[in-house]
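The file structure_10.txt comes next; it holds compact mmCIF, C-alpha atoms and all ligand atoms.
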# COMPACT_ATOMS: atom_id res chain seq x y z
CA MET A 267 -26.06 17.76 3.43
CA GLY A 268 -22.63 16.23 3.64
CA LYS A 269 -19.81 16.86 1.21
CA GLN A 270 -19.64 15.08 -2.12
CA LEU A 271 -16.60 14.11 -4.20
CA ASN A 272 -17.63 13.92 -7.83
CA VAL A 273 -15.70 11.63 -10.14
CA GLY A 274 -15.21 11.76 -13.90
CA LEU A 275 -14.33 8.29 -15.15
CA LEU A 276 -12.04 7.69 -18.12
CA GLY A 277 -12.02 3.99 -19.07
CA MET A 278 -14.71 1.40 -18.45
CA GLY A 279 -12.81 -1.81 -19.12
CA VAL A 280 -11.84 -4.55 -16.62
CA VAL A 281 -10.79 -2.15 -13.84
CA GLY A 282 -13.19 0.70 -14.69
CA SER A 283 -16.27 -1.49 -14.46
CA GLY A 284 -14.88 -2.87 -11.18
CA VAL A 285 -14.58 0.67 -9.80
CA CYS A 286 -18.28 1.30 -10.58
CA GLN A 287 -19.24 -1.87 -8.73
CA VAL A 288 -16.95 -1.41 -5.69
CA LEU A 289 -17.99 2.23 -5.28
CA ALA A 290 -21.68 1.36 -5.48
CA GLU A 291 -21.22 -1.26 -2.77
CA GLN A 292 -19.00 0.82 -0.49
CA LYS A 293 -20.47 4.30 -0.98
CA ALA A 294 -22.50 4.26 2.25
CA ALA A 295 -19.62 2.88 4.35
CA ILE A 296 -17.21 5.48 2.94
CA LYS A 297 -19.69 8.28 3.68
CA ALA A 298 -20.25 6.97 7.21
CA ARG A 299 -16.52 6.94 7.94
CA THR A 300 -15.34 10.05 6.07
CA GLY A 301 -18.45 12.22 5.94
CA VAL A 302 -17.99 12.46 2.18
CA GLU A 303 -20.03 10.77 -0.52
CA ILE A 304 -18.09 9.65 -3.59
CA ALA A 305 -20.15 9.62 -6.78
CA ILE A 306 -19.23 8.93 -10.40
CA THR A 307 -21.15 11.65 -12.22
CA LYS A 308 -19.83 11.41 -15.76
CA ALA A 309 -17.81 8.94 -17.85
CA LEU A 310 -16.03 9.09 -21.16
CA ALA A 311 -17.52 6.69 -23.70
CA SER A 312 -16.16 5.66 -27.06
CA PRO A 313 -18.53 6.47 -29.95
CA TYR A 314 -17.99 2.86 -31.10
CA GLU A 315 -19.09 1.12 -27.88
CA ASP A 316 -22.47 1.28 -26.20
CA LYS A 317 -21.89 1.75 -22.46
CA SER A 318 -25.42 2.95 -21.66
CA ALA A 319 -26.21 -0.21 -19.65
CA ILE A 320 -23.38 0.40 -17.13
CA ALA A 321 -24.15 4.16 -17.04
CA ASP A 322 -27.83 3.49 -16.30
CA LYS A 323 -27.01 0.83 -13.70
CA TYR A 324 -24.70 3.11 -11.72
CA GLY A 325 -26.50 6.38 -12.43
CA PHE A 326 -23.97 8.54 -14.30
CA SER A 327 -24.07 10.29 -17.65
CA LEU A 328 -21.88 9.55 -20.67
CA THR A 329 -20.01 11.85 -23.01
CA THR A 330 -17.84 11.20 -26.03
CA THR A 331 -16.08 14.56 -25.51
CA VAL A 332 -13.36 14.35 -22.87
CA GLU A 333 -13.11 18.17 -22.61
CA GLU A 334 -16.67 18.17 -21.30
CA ILE A 335 -15.43 16.23 -18.25
CA PHE A 336 -12.43 18.53 -17.65
CA ALA A 337 -14.61 21.63 -18.04
CA ASP A 338 -17.34 20.38 -15.68
CA PRO A 339 -16.94 22.51 -12.51
CA ALA A 340 -18.84 19.92 -10.47
CA ILE A 341 -16.20 17.21 -11.08
CA ASP A 342 -13.47 17.13 -8.42
CA VAL A 343 -11.42 14.11 -9.48
CA ILE A 344 -10.62 12.25 -12.68
CA VAL A 345 -10.08 8.49 -12.54
CA GLU A 346 -7.91 7.47 -15.50
CA LEU A 347 -8.13 3.77 -16.39
CA ILE A 348 -7.41 3.88 -20.11
CA GLY A 349 -3.86 2.66 -19.76
CA LYS A 350 -0.74 3.15 -21.93
CA ILE A 351 0.94 6.52 -22.52
CA SER A 352 -1.15 8.43 -25.05
CA PRO A 353 -3.78 9.85 -24.78
CA ALA A 354 -3.74 9.03 -21.02
CA LYS A 355 -0.86 11.45 -20.41
CA GLU A 356 -2.53 14.33 -22.27
CA PHE A 357 -5.80 13.64 -20.42
CA ILE A 358 -4.11 13.64 -17.01
CA LEU A 359 -2.19 16.85 -17.73
CA ALA A 360 -5.43 18.49 -18.91
CA ALA A 361 -7.27 17.31 -15.79
CA LEU A 362 -4.50 18.67 -13.53
CA ALA A 363 -4.49 21.96 -15.42
CA HIS A 364 -8.22 22.19 -14.61
CA LYS A 365 -7.26 21.70 -10.94
CA LYS A 366 -8.85 18.29 -10.66
CA HIS A 367 -7.30 15.55 -8.54
CA VAL A 368 -6.28 12.45 -10.51
CA VAL A 369 -6.36 8.77 -9.57
CA THR A 370 -4.82 6.32 -12.02
CA ALA A 371 -3.72 2.67 -12.22
CA ASN A 372 -1.41 3.42 -15.16
CA LYS A 373 2.05 2.06 -14.31
CA ASP A 374 3.40 2.54 -17.84
CA LEU A 375 2.65 6.25 -17.59
CA ILE A 376 3.73 6.79 -13.97
CA ALA A 377 6.99 4.89 -14.55
CA THR A 378 7.74 6.86 -17.71
CA HIS A 379 6.45 10.36 -16.90
CA GLY A 380 5.83 10.26 -13.13
CA PRO A 381 8.06 13.23 -12.17
CA GLU A 382 6.49 15.49 -14.81
CA LEU A 383 2.94 14.52 -13.76
CA LEU A 384 3.67 14.88 -10.04
CA ALA A 385 5.18 18.31 -10.69
CA ALA A 386 2.07 19.32 -12.65
CA ALA A 387 -0.14 18.15 -9.75
CA LYS A 388 1.96 20.12 -7.25
CA GLU A 389 1.83 23.21 -9.45
CA ALA A 390 -1.98 22.92 -9.67
CA GLY A 391 -2.33 22.32 -5.92
CA VAL A 392 -4.08 18.97 -6.36
CA SER A 393 -3.21 15.29 -5.73
CA LEU A 394 -2.12 12.52 -8.07
CA TYR A 395 -2.61 9.05 -6.56
CA PHE A 396 -1.73 5.71 -8.16
CA GLU A 397 -1.88 2.93 -5.55
CA ALA A 398 -3.35 0.46 -8.09
CA SER A 399 -0.36 0.82 -10.43
CA VAL A 400 1.68 -1.72 -8.42
CA GLY A 401 0.45 -5.00 -6.98
CA GLY A 402 -3.24 -4.72 -8.01
CA GLY A 403 -5.19 -5.00 -4.77
CA ILE A 404 -2.15 -5.00 -2.44
CA PRO A 405 -1.74 -1.81 -0.38
CA ILE A 406 1.97 -1.38 -1.09
CA LEU A 407 2.71 2.18 -2.24
CA ARG A 408 0.85 4.02 0.53
CA THR A 409 2.33 1.56 3.03
CA LEU A 410 5.83 2.40 1.78
CA SER A 411 5.23 6.15 1.89
CA THR A 412 3.71 6.13 5.37
CA HIS A 413 4.65 3.11 7.47
CA TYR A 414 8.20 2.82 6.12
CA LEU A 415 8.90 6.56 6.37
CA PRO A 416 10.76 6.12 9.69
CA ASP A 417 12.55 3.01 8.39
CA THR A 418 15.43 2.41 5.95
CA ILE A 419 14.79 -0.12 3.22
CA THR A 420 17.77 -2.08 1.91
CA ASP A 421 16.00 -4.58 -0.38
CA ILE A 422 12.60 -4.76 -2.03
CA PHE A 423 11.85 -7.72 -4.26
CA GLY A 424 9.08 -10.05 -5.23
CA ILE A 425 6.44 -11.29 -7.60
CA ILE A 426 4.82 -8.23 -9.16
CA ASN A 427 3.22 -9.59 -12.32
CA GLY A 428 0.06 -11.64 -11.89
CA THR A 429 -0.09 -12.89 -15.49
CA THR A 430 3.32 -14.56 -15.52
CA ASN A 431 2.90 -16.00 -12.03
CA TYR A 432 -0.45 -17.43 -13.14
CA MET A 433 1.23 -18.91 -16.24
CA LEU A 434 4.18 -20.41 -14.34
CA THR A 435 1.81 -21.92 -11.76
CA LYS A 436 -0.35 -23.50 -14.48
CA MET A 437 2.66 -24.77 -16.45
CA VAL A 438 4.18 -26.44 -13.37
CA ALA A 439 1.06 -27.72 -11.61
CA GLU A 440 -1.01 -28.77 -14.60
CA GLY A 441 1.59 -29.17 -17.33
CA VAL A 442 -0.32 -26.80 -19.65
CA SER A 443 1.62 -25.18 -22.49
CA TYR A 444 2.93 -21.61 -22.38
CA GLU A 445 0.38 -20.57 -25.03
CA THR A 446 -2.63 -22.10 -23.23
CA ALA A 447 -1.56 -20.59 -19.91
CA LEU A 448 -1.25 -17.13 -21.51
CA LEU A 449 -4.68 -17.43 -23.14
CA GLU A 450 -6.24 -18.32 -19.78
CA ALA A 451 -4.56 -15.34 -18.09
CA GLN A 452 -5.93 -13.06 -20.82
CA GLU A 453 -9.44 -14.51 -20.49
CA LYS A 454 -9.37 -13.86 -16.74
CA GLY A 455 -8.51 -10.19 -17.32
CA PHE A 456 -5.03 -10.39 -15.72
CA ALA A 457 -2.95 -9.64 -18.83
CA GLU A 458 -2.26 -6.24 -20.38
CA SER A 459 -4.03 -5.42 -23.67
CA ASP A 460 -0.73 -6.38 -25.29
CA PRO A 461 0.53 -9.29 -23.13
CA THR A 462 4.05 -8.85 -24.54
CA ASN A 463 4.57 -6.43 -21.66
CA ASP A 464 3.69 -9.17 -19.16
CA VAL A 465 5.70 -12.08 -20.58
CA ASP A 466 8.77 -10.00 -21.49
CA GLY A 467 9.06 -8.45 -18.03
CA ILE A 468 8.22 -4.90 -19.13
CA ASP A 469 5.12 -4.61 -16.91
CA ALA A 470 7.17 -5.76 -13.91
CA ALA A 471 9.95 -3.33 -14.86
CA TYR A 472 7.50 -0.39 -14.87
CA LYS A 473 6.43 -1.45 -11.38
CA MET A 474 10.10 -1.65 -10.27
CA VAL A 475 10.64 1.95 -11.44
CA ILE A 476 7.79 2.98 -9.12
CA LEU A 477 8.87 0.74 -6.22
CA THR A 478 12.46 2.02 -6.47
CA LYS A 479 11.15 5.56 -6.11
CA PHE A 480 9.02 4.70 -3.08
CA ALA A 481 11.67 2.52 -1.41
CA PHE A 482 14.81 4.55 -2.11
CA GLY A 483 13.61 7.94 -3.39
CA MET A 484 15.61 7.37 -6.59
CA THR A 485 14.25 8.16 -10.04
CA ILE A 486 15.23 5.51 -12.54
CA ALA A 487 14.15 4.65 -16.10
CA LEU A 488 13.34 1.35 -17.77
CA GLU A 489 16.78 1.50 -19.45
CA ASP A 490 18.44 1.30 -16.00
CA ILE A 491 16.86 -2.10 -15.32
CA ASP A 492 18.28 -5.46 -16.37
CA ILE A 493 15.05 -6.95 -17.84
CA LYS A 494 14.32 -10.54 -18.85
CA GLY A 495 10.93 -12.18 -19.26
CA ILE A 496 9.67 -15.76 -19.20
CA ARG A 497 9.51 -16.24 -22.97
CA GLY A 498 11.64 -19.23 -23.92
CA LEU A 499 11.69 -20.64 -20.40
CA SER A 500 11.47 -24.42 -20.77
CA ILE A 501 9.65 -26.88 -18.58
CA ASP A 502 12.96 -28.86 -18.53
CA ASP A 503 14.69 -25.99 -16.73
CA ILE A 504 11.76 -25.55 -14.35
CA GLN A 505 11.98 -29.26 -13.47
CA GLN A 506 15.77 -29.13 -13.13
CA ALA A 507 15.45 -26.13 -10.81
CA ALA A 508 12.93 -28.11 -8.74
CA ALA A 509 15.45 -30.96 -8.50
CA PHE A 510 17.91 -28.41 -7.05
CA GLY A 511 15.22 -27.34 -4.52
CA TYR A 512 13.96 -24.17 -6.20
CA ASP A 513 10.80 -22.82 -7.86
CA VAL A 514 11.21 -20.51 -10.85
CA LYS A 515 9.41 -17.16 -10.40
CA LEU A 516 9.52 -13.88 -12.33
CA ILE A 517 11.09 -11.60 -9.74
CA GLY A 518 11.49 -7.84 -9.71
CA ALA A 519 14.24 -6.75 -7.33
CA ALA A 520 15.89 -3.54 -6.16
CA GLN A 521 18.81 -3.79 -3.79
CA LYS A 522 20.90 -1.14 -2.08
CA ASN A 523 24.57 -1.96 -1.65
CA ASP A 524 26.76 -0.91 1.27
CA THR A 525 28.08 1.93 -0.89
CA GLY A 526 24.55 3.33 -1.31
CA SER A 527 24.20 2.36 -4.97
CA VAL A 528 21.12 0.51 -6.17
CA SER A 529 20.76 -2.35 -8.67
CA VAL A 530 17.37 -3.12 -10.19
CA SER A 531 16.44 -6.20 -12.19
CA VAL A 532 13.51 -8.20 -13.51
CA GLY A 533 13.86 -11.80 -14.61
CA PRO A 534 13.15 -15.44 -13.90
CA VAL A 535 14.84 -16.36 -10.62
CA LEU A 536 15.34 -19.65 -8.77
CA VAL A 537 13.57 -19.09 -5.45
CA PRO A 538 14.35 -21.57 -2.62
CA GLN A 539 11.27 -23.70 -2.03
CA SER A 540 11.54 -22.75 1.65
CA HIS A 541 11.19 -19.01 0.88
CA ALA A 542 7.81 -17.33 1.43
CA LEU A 543 7.82 -16.11 -2.19
CA ALA A 544 7.86 -19.71 -3.48
CA SER A 545 4.43 -20.32 -1.95
CA ILE A 546 2.81 -17.52 -3.99
CA LYS A 547 0.73 -19.04 -6.76
CA SER A 548 -1.55 -17.98 -9.63
CA GLU A 549 -2.22 -14.27 -10.09
CA PHE A 550 -1.15 -13.48 -6.53
CA ASN A 551 1.75 -11.12 -5.91
CA GLY A 552 4.10 -10.89 -2.96
CA ILE A 553 6.52 -8.07 -2.19
CA PHE A 554 9.26 -8.81 0.31
CA ILE A 555 10.99 -5.94 2.09
CA LYS A 556 14.18 -5.91 4.13
CA SER A 557 14.67 -2.82 6.26
CA THR A 558 16.75 -1.77 9.23
CA GLY A 559 13.72 -1.06 11.43
CA ILE A 560 11.10 -3.72 10.79
CA GLY A 561 13.59 -6.30 9.55
CA GLN A 562 11.85 -8.67 7.14
CA SER A 563 8.26 -8.16 6.04
CA MET A 564 6.06 -9.20 3.14
CA VAL A 565 2.82 -7.95 1.63
CA TYR A 566 0.75 -10.48 -0.27
CA GLY A 567 -2.47 -10.42 -2.28
CA PRO A 568 -4.09 -10.48 -5.71
CA GLY A 569 -1.80 -8.61 -8.09
CA ALA A 570 -4.29 -8.36 -10.93
CA GLY A 571 -7.98 -8.67 -11.65
CA SER A 572 -10.96 -6.35 -11.78
CA ARG A 573 -12.24 -6.19 -8.22
CA PRO A 574 -8.95 -6.17 -6.26
CA THR A 575 -7.42 -3.49 -8.52
CA ALA A 576 -10.66 -1.48 -8.41
CA THR A 577 -10.54 -1.61 -4.59
CA SER A 578 -7.10 0.06 -4.66
CA VAL A 579 -8.48 2.77 -6.96
CA VAL A 580 -11.40 3.33 -4.56
CA ALA A 581 -8.95 3.39 -1.64
CA ASP A 582 -7.23 6.35 -3.35
CA LEU A 583 -10.62 8.04 -3.78
CA THR A 584 -11.37 7.42 -0.11
CA GLU A 585 -8.07 9.04 0.85
CA LEU A 586 -9.07 12.05 -1.24
CA ALA A 587 -12.48 12.07 0.47
CA LYS A 588 -10.76 12.19 3.88
CA HIS A 589 -8.57 15.07 2.75
CA GLU A 590 -11.63 16.83 1.33
CA ALA A 591 -13.27 16.54 4.74
CA GLU A 592 -10.12 17.87 6.42
CA GLY A 593 -9.64 20.59 3.81
CA ILE A 594 -6.10 19.52 2.94
CA VAL A 595 -4.16 18.37 -0.12
CA ALA A 596 -1.55 15.71 0.59
CA PRO A 597 1.07 14.47 -1.88
CA PHE A 598 1.27 10.69 -2.40
CA LEU A 599 5.03 10.68 -2.07
CA GLN A 600 7.73 13.01 -0.84
CA PHE A 601 10.98 11.11 -1.12
CA GLU A 602 13.83 12.55 -3.17
CA ALA A 603 17.30 11.03 -3.22
CA SER A 604 19.96 11.37 -5.87
CA THR A 605 20.01 8.38 -8.19
CA ASN A 606 23.06 6.17 -7.73
CA LEU A 607 23.10 3.04 -9.88
CA ALA A 608 25.37 0.11 -9.04
CA SER A 609 28.24 -0.68 -11.40
CA PRO A 610 28.39 -4.20 -12.95
CA THR A 611 31.15 -5.24 -10.52
CA GLU A 612 28.94 -4.36 -7.54
CA ILE A 613 26.06 -6.62 -8.64
CA VAL A 614 26.84 -10.08 -7.26
CA ASP A 615 24.60 -13.14 -7.54
CA ARG A 616 24.67 -16.90 -7.85
CA TYR A 617 23.42 -18.19 -11.22
CA TYR A 618 21.74 -21.34 -12.45
CA LEU A 619 23.36 -22.36 -15.74
CA SER A 620 22.10 -25.04 -18.09
CA TRP A 621 22.76 -26.19 -21.61
CA PRO A 622 21.95 -29.33 -23.62
CA SER A 623 24.18 -32.22 -22.50
CA ASN A 624 25.11 -32.95 -26.12
CA GLN A 625 26.60 -29.45 -26.46
CA ASP A 626 30.12 -28.43 -25.38
CA LEU A 627 30.62 -24.97 -23.91
CA PRO A 628 33.23 -22.92 -25.78
CA MET A 629 35.23 -22.41 -22.55
CA ALA A 630 35.90 -23.99 -19.15
CA ILE A 631 33.75 -22.68 -16.31
CA ASP A 632 34.96 -24.96 -13.49
CA ASP A 633 36.32 -21.97 -11.57
CA ILE A 634 32.88 -20.39 -11.16
CA ILE A 635 30.84 -23.54 -10.41
CA ASP A 636 29.92 -24.08 -6.77
CA GLN A 637 31.46 -27.48 -6.10
CA ALA A 638 29.31 -27.84 -2.97
CA VAL A 639 26.22 -27.99 -5.19
CA VAL A 640 27.71 -30.11 -8.01
CA PRO A 641 27.32 -32.95 -8.81
CA GLN A 642 23.54 -32.74 -8.81
CA ARG A 643 20.95 -34.96 -10.40
CA LYS A 644 20.73 -34.00 -14.05
CA ILE A 645 17.46 -34.61 -15.82
CA ASN A 646 15.92 -34.04 -19.23
CA GLY A 647 19.23 -34.11 -21.08
CA LEU A 648 20.53 -30.91 -19.50
CA ASN A 649 23.85 -30.04 -17.96
CA ALA A 650 22.83 -27.85 -15.07
CA TYR A 651 24.95 -26.12 -12.43
CA ILE A 652 24.79 -23.44 -9.81
CA THR A 653 27.64 -20.96 -9.70
CA LYS A 654 29.47 -19.35 -6.84
CA PRO A 655 28.49 -15.70 -6.25
CA ILE A 656 29.81 -13.90 -9.35
CA ASN A 657 29.55 -10.30 -10.48
CA GLN A 658 27.61 -8.94 -13.45
CA GLN A 659 30.81 -7.90 -15.23
CA LEU A 660 32.07 -11.49 -15.19
CA VAL A 661 28.69 -12.70 -16.48
CA ASP A 662 28.81 -10.14 -19.31
CA ASP A 663 32.42 -11.00 -20.20
CA ARG A 664 32.26 -14.78 -20.02
CA LEU A 665 28.70 -16.09 -20.22
CA SER A 666 26.45 -13.68 -22.09
CA GLY A 667 26.06 -14.50 -25.73
CA ILE A 668 26.87 -18.21 -25.50
CA THR A 669 24.32 -19.88 -27.74
CA GLY A 670 22.06 -22.41 -26.03
CA ILE A 671 22.98 -21.49 -22.45
CA GLN A 672 20.13 -20.70 -20.02
CA MET A 673 21.05 -18.37 -17.17
CA MET A 674 18.87 -17.43 -14.19
CA LYS A 675 19.76 -15.73 -10.92
CA VAL A 676 19.45 -17.79 -7.74
CA MET A 677 17.88 -16.19 -4.67
CA GLU A 678 19.76 -16.73 -1.43
CA GLU A 679 18.02 -18.42 1.50
CA PHE A 680 16.57 -16.08 4.13
N1 LIG B 1 -0.99 -7.31 -16.31
C1 LIG B 1 -0.75 -6.98 -14.94
C2 LIG B 1 -0.35 -8.24 -14.19
C3 LIG B 1 -1.98 -6.36 -14.36
O1 LIG B 1 -0.57 -9.33 -14.72
O2 LIG B 1 0.19 -8.15 -13.09
C4 LIG B 1 -1.80 -5.77 -12.99
O3 LIG B 1 -0.83 -4.75 -13.00
This entry written out as structure tokens:
Amino acid sequence: MGKQLNVGLLGMGVVGSGVCQVLAEQKAAIKARTGVEIAITKALASPYEDKSAIADKYGFSLTTTVEEIFADPAIDVIVELIGKISPAKEFILAALAHKKHVVTANKDLIATHGPELLAAAKEAGVSLYFEASVGGGIPILRTLSTHYLPDTITDIFGIINGTTNYMLTKMVAEGVSYETALLEAQEKGFAESDPTNDVDGIDAAYKMVILTKFAFGMTIALEDIDIKGIRGLSIDDIQQAAAFGYDVKLIGAAQKNDTGSVSVSVGPVLVPQSHALASIKSEFNGIFIKSTGIGQSMVYGPGAGSRPTATSVVADLTELAKHEAEGIVAPFLQFEASTNLASPTEIVDRYYLSWPSNQDLPMAIDDIIDQAVVPQRKINGLNAYITKPINQQLVDDRLSGITGIQMMKVMEEF
């Protein structure tokens, strides 16, 4: 008899039910290629929800007592798909203390308590994998920790929230309202349980904390990120940006300056229509990487949704199965660099500025407007301009806080 990797499943929602399905379909192929059979043997069920149909279909037992899963000596790995911080954090720490490997898709938790959890896994001599926490079905984290190990990344940026990209695509292509677009994204299972995190850029910011660690080895917190969401973004500005030759996308970006400091941001950005990121529609994500070795590269795929995200979770389980067969434990990431955040004067960007044409700005801004871009066609009763490259300090001193002004960064051409 070959080896078996037994899984205890915590969470049977959109992604959890997908994991049951993907594993059932791929079990034989995984066993053929790794020599190890992966089997969900027990799952945590809420006393208020009947999950017996899914348990019967996939052949595992249910318990309403999580300790029963941790204490089960036959279970090798816990898959945590509950989401949010508590009780997921307590459950993962308990699982690690019982020397069980952990696979999770929980970006909120990894971004907030990743170092503590990774230390607990190391201490216990087990693995903590979380490929599905960034980019849904896209294989980005393992790619960064393996393929980019002999490379030096200078920039990593892209579309890393499926919900908002789905909404922006719908609003532009079909003219649907913000509210309708959000409702559709929720119905399709792309949005978080509280979609505030999606539309306000928090979900993307959690993912940038994780990407910054994998790309630069630096540990940052949400507070270190300049975060804006898409709430309040008007169709007038989206159309004006299009007239300038740009699509508006919610972009997460981390950039290393020549001095070695890193700036990290999340916000709506004007992306040149010629850029590969502009072609990414609906719930798809794209992560663009600039590095000294490969040069420019991009990974692209579904950033949300049951089956793609479940496939990333099962990919982590498959990696564990391979290690089980080899008799090794391998950490997901070993990249430590001291954190060095850029100062406001080091963060330089062009900005799109707009305000109602019947409103006067309280100061002259001619000196920062790019005269090569102005005059442009102005539509929808907006004054709209693109600035010269200006630093964050200047933006804070002169532009932030002006009522009625819309400000978005502008991505440079390739
Ligand atoms: N709510 C997230 C998104 C799910 O829309 O991208 C995947 O992380």
Return as a ChimeraX atom specification every polymer residue, whether protein, DNA or RNA, with at least one atom no more than 7 Å from an atom of ligand LIG 1 (chain B); count all atoms listed in the file.
/A:399-402,426-430,456-458,464,469,549,569-571
Could you work out how far atom CA of A:Asn272 lies from atom CA of A:Pro568, giving the answer in Å with one decimal?
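Rounded to one decimal, the two atoms are 28.0 Å apart.
Between atom CA of A:Lys479 and atom CA of A:Leu410 lies a distance of 10.0 Å.
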Select from stretch 269-299 of chain A every residue with an atom at most 12 Å from any atom of stretch 363-378 of chain A, then for each give the shortest pair of atoms and their distance in Å to one decimal, using only C-alpha atoms, rows by chain and rising number, as a tab-separated table.
residue	atom	partner	partner_atom	distance
A:Leu271	CA	A:His367	CA	10.4
A:Asn272	CA	A:Lys366	CA	10.2
A:Val273	CA	A:His367	CA	9.4
A:Gly274	CA	A:Val368	CA	9.6
A:Leu275	CA	A:Val369	CA	9.7
A:Leu276	CA	A:Thr370	CA	9.6
A:Gly277	CA	A:Thr370	CA	10.3
A:Val280	CA	A:Ala371	CA	11.7
A:Val281	CA	A:Ala371	CA	8.7
A:Gly282	CA	A:Ala371	CA	10.0
A:Val285	CA	A:Ala371	CA	11.3
So the first atom is atom CA of A:Thr525 and the second is atom CA of A:Asn606; what is the distance between them in Å, to one decimal place?
9.5 Å
Any idea what's packed within 9 Å of stretch 315-323 of chain A, counting only C-alpha atoms, ignoring anything in its chain fewer than 6 positions away? Could you give it as a list in words?
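Once the adjacent positions are removed, what remains is Met278, Ser283, Cys286, Lys308 and Ala309 of chain A.
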Neighbour list for stretch 582-589 of chain A as a list in words, cut-off 7 Å, all atoms listed in the file, skip fewer than 4 positions in-chain:
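Everything that qualifies: Leu271, Ile296, Thr300, Val302, Val369, Tyr395, Glu397, Ser578, Gly593, Ile594 and Val595 of chain A.
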For A:Arg664, please output as a PDB file with C-alpha atoms, keeping the file's coordinate frame all residues within 12 Å (counting all atoms listed in the file; exclusion window: fewer than 3 positions along the same chain).
ATOM      1  CA  LEU A 627      30.620 -24.970 -23.910  1.00  0.00           C
ATOM      2  CA  PRO A 628      33.230 -22.920 -25.780  1.00  0.00           C
ATOM      3  CA  MET A 629      35.230 -22.410 -22.550  1.00  0.00           C
ATOM      4  CA  ALA A 630      35.900 -23.990 -19.150  1.00  0.00           C
ATOM      5  CA  ILE A 631      33.750 -22.680 -16.310  1.00  0.00           C
ATOM      6  CA  ASP A 633      36.320 -21.970 -11.570  1.00  0.00           C
ATOM      7  CA  ILE A 634      32.880 -20.390 -11.160  1.00  0.00           C
ATOM      8  CA  ILE A 656      29.810 -13.900  -9.350  1.00  0.00           C
ATOM      9  CA  ASN A 657      29.550 -10.300 -10.480  1.00  0.00           C
ATOM     10  CA  GLN A 658      27.610  -8.940 -13.450  1.00  0.00           C
ATOM     11  CA  GLN A 659      30.810  -7.900 -15.230  1.00  0.00           C
ATOM     12  CA  LEU A 660      32.070 -11.490 -15.190  1.00  0.00           C
ATOM     13  CA  VAL A 661      28.690 -12.700 -16.480  1.00  0.00           C
ATOM     14  CA  GLY A 667      26.060 -14.500 -25.730  1.00  0.00           C
ATOM     15  CA  ILE A 668      26.870 -18.210 -25.500  1.00  0.00           C
ATOM     16  CA  ILE A 671      22.980 -21.490 -22.450  1.00  0.00           C
TER      17      ILE A 671
END
Find the spatial neighbours of A:Tyr617, counting only C-alpha atoms, within a cut-off of 6 Å - ignore same-chain residues fewer than 2 positions away - and output them as a ChimeraX atom specification.
/A:652-653,674-676
Find the residues around stretch 491-508 of chain A up to 8 Å (only C-alpha atoms counted), leave out those fewer than 6 positions away in its own chain, and share them as an NGL selection string.
:A and (430 or 437-438 or 464-468 or 471 or 514 or 516 or 529-534 or 536 or 620 or 644-646 or 648 or 650)
Counting only C-alpha atoms, which residue out of A:Thr577, A:Thr435, A:Thr478, A:Asn551 sits closest to A:Val565?
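That would be A:Asn551, the residue with the smallest distance to A:Val565.
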Using all atoms listed in the file: which of A:Ser527, A:Thr558, A:Gln292, A:Ser548 has the shortest distance to A:Leu448
A:Ser548
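When all atoms listed in the file are used to measure the gap to A:Gly325, the shortest distance among A:Ala385, A:Val614, A:Ile517, A:Ala290 belongs to A:Ala290.
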Under the rule that only C-alpha atoms are counted, which of A:Val579, A:Ala603, A:Asp524, A:Pro416 is the nearest residue to A:Ile344?
A:Val579
Nearest residue to A:Gly647 from the set A:Thr409, A:Thr462, A:Thr446, A:Gln625 (distances using all atoms listed in the file):
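Nearest candidate to A:Gly647 out of A:Thr409, A:Thr462, A:Thr446, A:Gln625: A:Gln625.
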Pick from A:Ile546, A:Ala519, A:Ala576, A:Ala608 nearest to A:Tyr432, counting only C-alpha atoms:
A:Ile546
